[in-house]
Amino acid sequence: MKTLTRSYVYWPGVEKHIKELVQSCQPINNQYYFIIVDAYSKWSEVIMMDHTTSCYTVLQLTRIFCHLRHARNIGGRGFTSADFALFCQQYGVHH
């Protein structure tokens with residue numbers, strides 16, 4: 001997200017502000033929304049998620065990777081386990 005933002009806007013502290021904004025996100029109506037955008041085509045997917053565990057996140061990414069082949073620079077709570085690291089390695093995701 002920060003890399004994409006840098007290509008459009010800049011101000012002192014922009015990366016810190018983005019990090020704080022992402023960390024402050026809360027569920028909406030007890031649902032999280034997982035948004036993934038293909039950096040090349042700008043194709044986007046929005047997936048409603050009940051929880052943000054690594055296992056559930058990997059399951060959702062597996063569902064949509066037939067559309068998006070080269071995801072990179074993903075952030076969030078569901079992206080920090082060994083399971084997710086293995087998934088990234090298997091699919092060529094730069095995390």
# chains A, B, ... in the order shown; residues from 1 in each chain; ligands from 1
>>> select_by_dssp(residues="segment 9-94 of chain A", states="alpha helix (DSSP H)", output="VMD selection string")
chain A and resid 14 to 23 54 to 64 82 to 91
>>> write_last_selection(atoms="C-alpha atoms", output="JSON list (two decimals), in the first residue's frame")
[["chain", "number", "residue", "atom", "x", "y", "z"],
["A", 14, "VAL", "CA", 3.00, 9.60, 4.86],
["A", 15, "GLU", "CA", 4.21, 6.05, 5.61],
["A", 16, "LYS", "CA", 3.67, 6.49, 9.35],
["A", 17, "HIS", "CA", 0.18, 7.88, 8.72],
["A", 18, "ILE", "CA", -0.73, 4.93, 6.49],
["A", 19, "LYS", "CA", 0.55, 2.45, 9.09],
["A", 20, "GLU", "CA", -1.47, 4.14, 11.84],
["A", 21, "LEU", "CA", -4.60, 4.19, 9.66],
["A", 22, "VAL", "CA", -4.32, 0.49, 8.81],
["A", 23, "GLN", "CA", -3.69, -0.45, 12.45],
["A", 54, "SER", "CA", -3.51, -16.68, 8.87],
["A", 55, "CYS", "CA", -5.20, -19.95, 7.97],
["A", 56, "TYR", "CA", -8.43, -18.22, 6.88],
["A", 57, "THR", "CA", -6.47, -15.54, 5.01],
["A", 58, "VAL", "CA", -4.50, -18.18, 3.10],
["A", 59, "LEU", "CA", -7.75, -19.94, 2.22],
["A", 60, "GLN", "CA", -9.21, -16.72, 0.79],
["A", 61, "LEU", "CA", -6.02, -15.90, -1.14],
["A", 62, "THR", "CA", -5.95, -19.39, -2.60],
["A", 63, "ARG", "CA", -9.49, -18.81, -3.92],
["A", 64, "ILE", "CA", -8.53, -15.67, -5.84],
["A", 82, "ALA", "CA", 4.77, -19.63, 9.42],
["A", 83, "ASP", "CA", 1.78, -20.99, 7.47],
["A", 84, "PHE", "CA", 1.39, -17.68, 5.68],
["A", 85, "ALA", "CA", 5.14, -17.45, 4.99],
["A", 86, "LEU", "CA", 5.02, -20.91, 3.39],
["A", 87, "PHE", "CA", 1.97, -19.90, 1.32],
["A", 88, "CYS", "CA", 3.81, -16.79, 0.08],
["A", 89, "GLN", "CA", 6.83, -18.87, -0.86],
["A", 90, "GLN", "CA", 4.70, -21.40, -2.75],
["A", 91, "TYR", "CA", 2.84, -18.72, -4.74]]
>>> residues_around(residues="Met49 of chain A", least_positions_apart="2", cutoff="9 Å", atoms="only C-alpha atoms", output="VMD selection string")
chain A and resid 31 to 34 47 51 to 52 56 to 57 60
>>> write_last_selection(atoms="C-alpha atoms", output="PDB file, in the first residue's frame")
ATOM      1  CA  GLN A  31     -16.969  -8.366   9.535  1.00  0.00           C
ATOM      2  CA  TYR A  32     -13.523  -7.570   8.181  1.00  0.00           C
ATOM      3  CA  TYR A  33     -13.065  -6.672   4.532  1.00  0.00           C
ATOM      4  CA  PHE A  34      -9.965  -8.063   2.866  1.00  0.00           C
ATOM      5  CA  ILE A  47     -13.681 -10.455   0.450  1.00  0.00           C
ATOM      6  CA  HIS A  51     -11.906 -13.348  11.214  1.00  0.00           C
ATOM      7  CA  THR A  52      -8.331 -12.575  10.208  1.00  0.00           C
ATOM      8  CA  TYR A  56      -8.426 -18.224   6.884  1.00  0.00           C
ATOM      9  CA  THR A  57      -6.473 -15.540   5.015  1.00  0.00           C
ATOM     10  CA  GLN A  60      -9.209 -16.725   0.787  1.00  0.00           C
TER      11      GLN A  60
END
>>> select_by_dssp(residues="chain A", states="strand (DSSP E or B)", output="PyMOL selection string")
chain A and resi 28+31-37+44-49+72+94
>>> write_last_selection(atoms="C-alpha atoms", output="PDB file, in the first residue's frame")
ATOM      1  CA  ILE A  28     -17.675  -3.284  10.247  1.00  0.00           C
ATOM      2  CA  GLN A  31     -16.969  -8.366   9.535  1.00  0.00           C
ATOM      3  CA  TYR A  32     -13.523  -7.570   8.181  1.00  0.00           C
ATOM      4  CA  TYR A  33     -13.065  -6.672   4.532  1.00  0.00           C
ATOM      5  CA  PHE A  34      -9.965  -8.063   2.866  1.00  0.00           C
ATOM      6  CA  ILE A  35      -9.068  -5.916  -0.133  1.00  0.00           C
ATOM      7  CA  ILE A  36      -6.470  -7.058  -2.634  1.00  0.00           C
ATOM      8  CA  VAL A  37      -5.467  -5.127  -5.756  1.00  0.00           C
ATOM      9  CA  SER A  44      -9.439  -5.558  -7.191  1.00  0.00           C
ATOM     10  CA  GLU A  45     -11.170  -8.118  -5.035  1.00  0.00           C
ATOM     11  CA  VAL A  46     -13.055  -7.475  -1.797  1.00  0.00           C
ATOM     12  CA  ILE A  47     -13.681 -10.455   0.450  1.00  0.00           C
ATOM     13  CA  MET A  48     -15.886 -10.277   3.528  1.00  0.00           C
ATOM     14  CA  MET A  49     -14.135 -12.167   6.347  1.00  0.00           C
ATOM     15  CA  ARG A  72       3.190  -8.273  -3.039  1.00  0.00           C
ATOM     16  CA  HIS A  94       6.754 -10.917  -2.028  1.00  0.00           C
TER      17      HIS A  94
END
>>> atom_distance(atom1="atom CA of Asn30 of chain A", atom2="atom CA of Thr53 of chain A")
14.6 Å
>>> atom_distance(atom1="atom CA of Ser41 of chain A", atom2="atom CA of Arg6 of chain A")
17.8 Å
>>> atom_distance(atom1="atom CA of Ala39 of chain A", atom2="atom CA of Phe65 of chain A")
13.5 Å
>>> decode(residues="chain A", atoms="C-alpha atoms", output="tab-separated table (two decimals), in the first residue's frame")
chain	number	residue	atom	x	y	z
A	1	MET	CA	0.00	0.00	0.00
A	2	LYS	CA	2.81	2.40	0.86
A	3	THR	CA	4.58	1.81	-2.44
A	4	LEU	CA	1.40	2.49	-4.39
A	5	THR	CA	0.71	5.62	-2.33
A	6	ARG	CA	4.22	6.96	-2.97
A	7	SER	CA	3.56	6.85	-6.71
A	8	TYR	CA	0.60	9.24	-6.29
A	9	VAL	CA	1.16	11.46	-3.24
A	10	TYR	CA	3.81	12.40	-0.71
A	11	TRP	CA	4.03	14.41	2.47
A	12	PRO	CA	6.41	14.11	5.42
A	13	GLY	CA	5.28	11.14	7.52
A	14	VAL	CA	3.00	9.60	4.86
A	15	GLU	CA	4.21	6.05	5.61
A	16	LYS	CA	3.67	6.49	9.35
A	17	HIS	CA	0.18	7.88	8.72
A	18	ILE	CA	-0.73	4.93	6.49
A	19	LYS	CA	0.55	2.45	9.09
A	20	GLU	CA	-1.47	4.14	11.84
A	21	LEU	CA	-4.60	4.19	9.66
A	22	VAL	CA	-4.32	0.49	8.81
A	23	GLN	CA	-3.69	-0.45	12.45
A	24	SER	CA	-6.76	1.50	13.56
A	25	CYS	CA	-9.13	-0.38	11.23
A	26	GLN	CA	-11.92	-2.18	13.05
A	27	PRO	CA	-14.51	-4.68	11.82
A	28	ILE	CA	-17.67	-3.28	10.25
A	29	ASN	CA	-20.80	-5.05	11.54
A	30	ASN	CA	-18.53	-7.77	12.97
A	31	GLN	CA	-16.97	-8.37	9.54
A	32	TYR	CA	-13.52	-7.57	8.18
A	33	TYR	CA	-13.06	-6.67	4.53
A	34	PHE	CA	-9.96	-8.06	2.87
A	35	ILE	CA	-9.07	-5.92	-0.13
A	36	ILE	CA	-6.47	-7.06	-2.63
A	37	VAL	CA	-5.47	-5.13	-5.76
A	38	ASP	CA	-3.34	-6.38	-8.63
A	39	ALA	CA	-0.53	-3.83	-9.00
A	40	TYR	CA	-0.32	-4.34	-12.77
A	41	SER	CA	-3.94	-4.45	-13.94
A	42	LYS	CA	-5.51	-2.64	-10.94
A	43	TRP	CA	-8.06	-5.48	-10.72
A	44	SER	CA	-9.44	-5.56	-7.19
A	45	GLU	CA	-11.17	-8.12	-5.04
A	46	VAL	CA	-13.05	-7.47	-1.80
A	47	ILE	CA	-13.68	-10.45	0.45
A	48	MET	CA	-15.89	-10.28	3.53
A	49	MET	CA	-14.14	-12.17	6.35
A	50	ASP	CA	-15.42	-13.28	9.74
A	51	HIS	CA	-11.91	-13.35	11.21
A	52	THR	CA	-8.33	-12.58	10.21
A	53	THR	CA	-6.37	-15.67	11.14
A	54	SER	CA	-3.51	-16.68	8.87
A	55	CYS	CA	-5.20	-19.95	7.97
A	56	TYR	CA	-8.43	-18.22	6.88
A	57	THR	CA	-6.47	-15.54	5.01
A	58	VAL	CA	-4.50	-18.18	3.10
A	59	LEU	CA	-7.75	-19.94	2.22
A	60	GLN	CA	-9.21	-16.72	0.79
A	61	LEU	CA	-6.02	-15.90	-1.14
A	62	THR	CA	-5.95	-19.39	-2.60
A	63	ARG	CA	-9.49	-18.81	-3.92
A	64	ILE	CA	-8.53	-15.67	-5.84
A	65	PHE	CA	-4.97	-16.39	-6.98
A	66	CYS	CA	-6.25	-17.73	-10.27
A	67	HIS	CA	-6.97	-14.04	-11.03
A	68	LEU	CA	-4.01	-12.37	-9.32
A	69	ARG	CA	-0.67	-14.06	-9.88
A	70	HIS	CA	1.92	-11.68	-8.42
A	71	ALA	CA	0.68	-10.09	-5.21
A	72	ARG	CA	3.19	-8.27	-3.04
A	73	ASN	CA	3.53	-5.99	-0.03
A	74	ILE	CA	0.65	-7.27	2.07
A	75	GLY	CA	0.16	-6.10	5.65
A	76	GLY	CA	-2.07	-7.03	8.58
A	77	ARG	CA	-2.61	-9.44	11.45
A	78	GLY	CA	-3.40	-12.47	9.29
A	79	PHE	CA	-0.02	-12.32	7.57
A	80	THR	CA	2.51	-13.15	10.28
A	81	SER	CA	2.48	-16.94	10.77
A	82	ALA	CA	4.77	-19.63	9.42
A	83	ASP	CA	1.78	-20.99	7.47
A	84	PHE	CA	1.39	-17.68	5.68
A	85	ALA	CA	5.14	-17.45	4.99
A	86	LEU	CA	5.02	-20.91	3.39
A	87	PHE	CA	1.97	-19.90	1.32
A	88	CYS	CA	3.81	-16.79	0.08
A	89	GLN	CA	6.83	-18.87	-0.86
A	90	GLN	CA	4.70	-21.40	-2.75
A	91	TYR	CA	2.84	-18.72	-4.74
A	92	GLY	CA	5.75	-16.33	-5.29
A	93	VAL	CA	4.25	-13.57	-3.15
A	94	HIS	CA	6.75	-10.92	-2.03
A	95	HIS	CA	5.67	-10.05	1.51
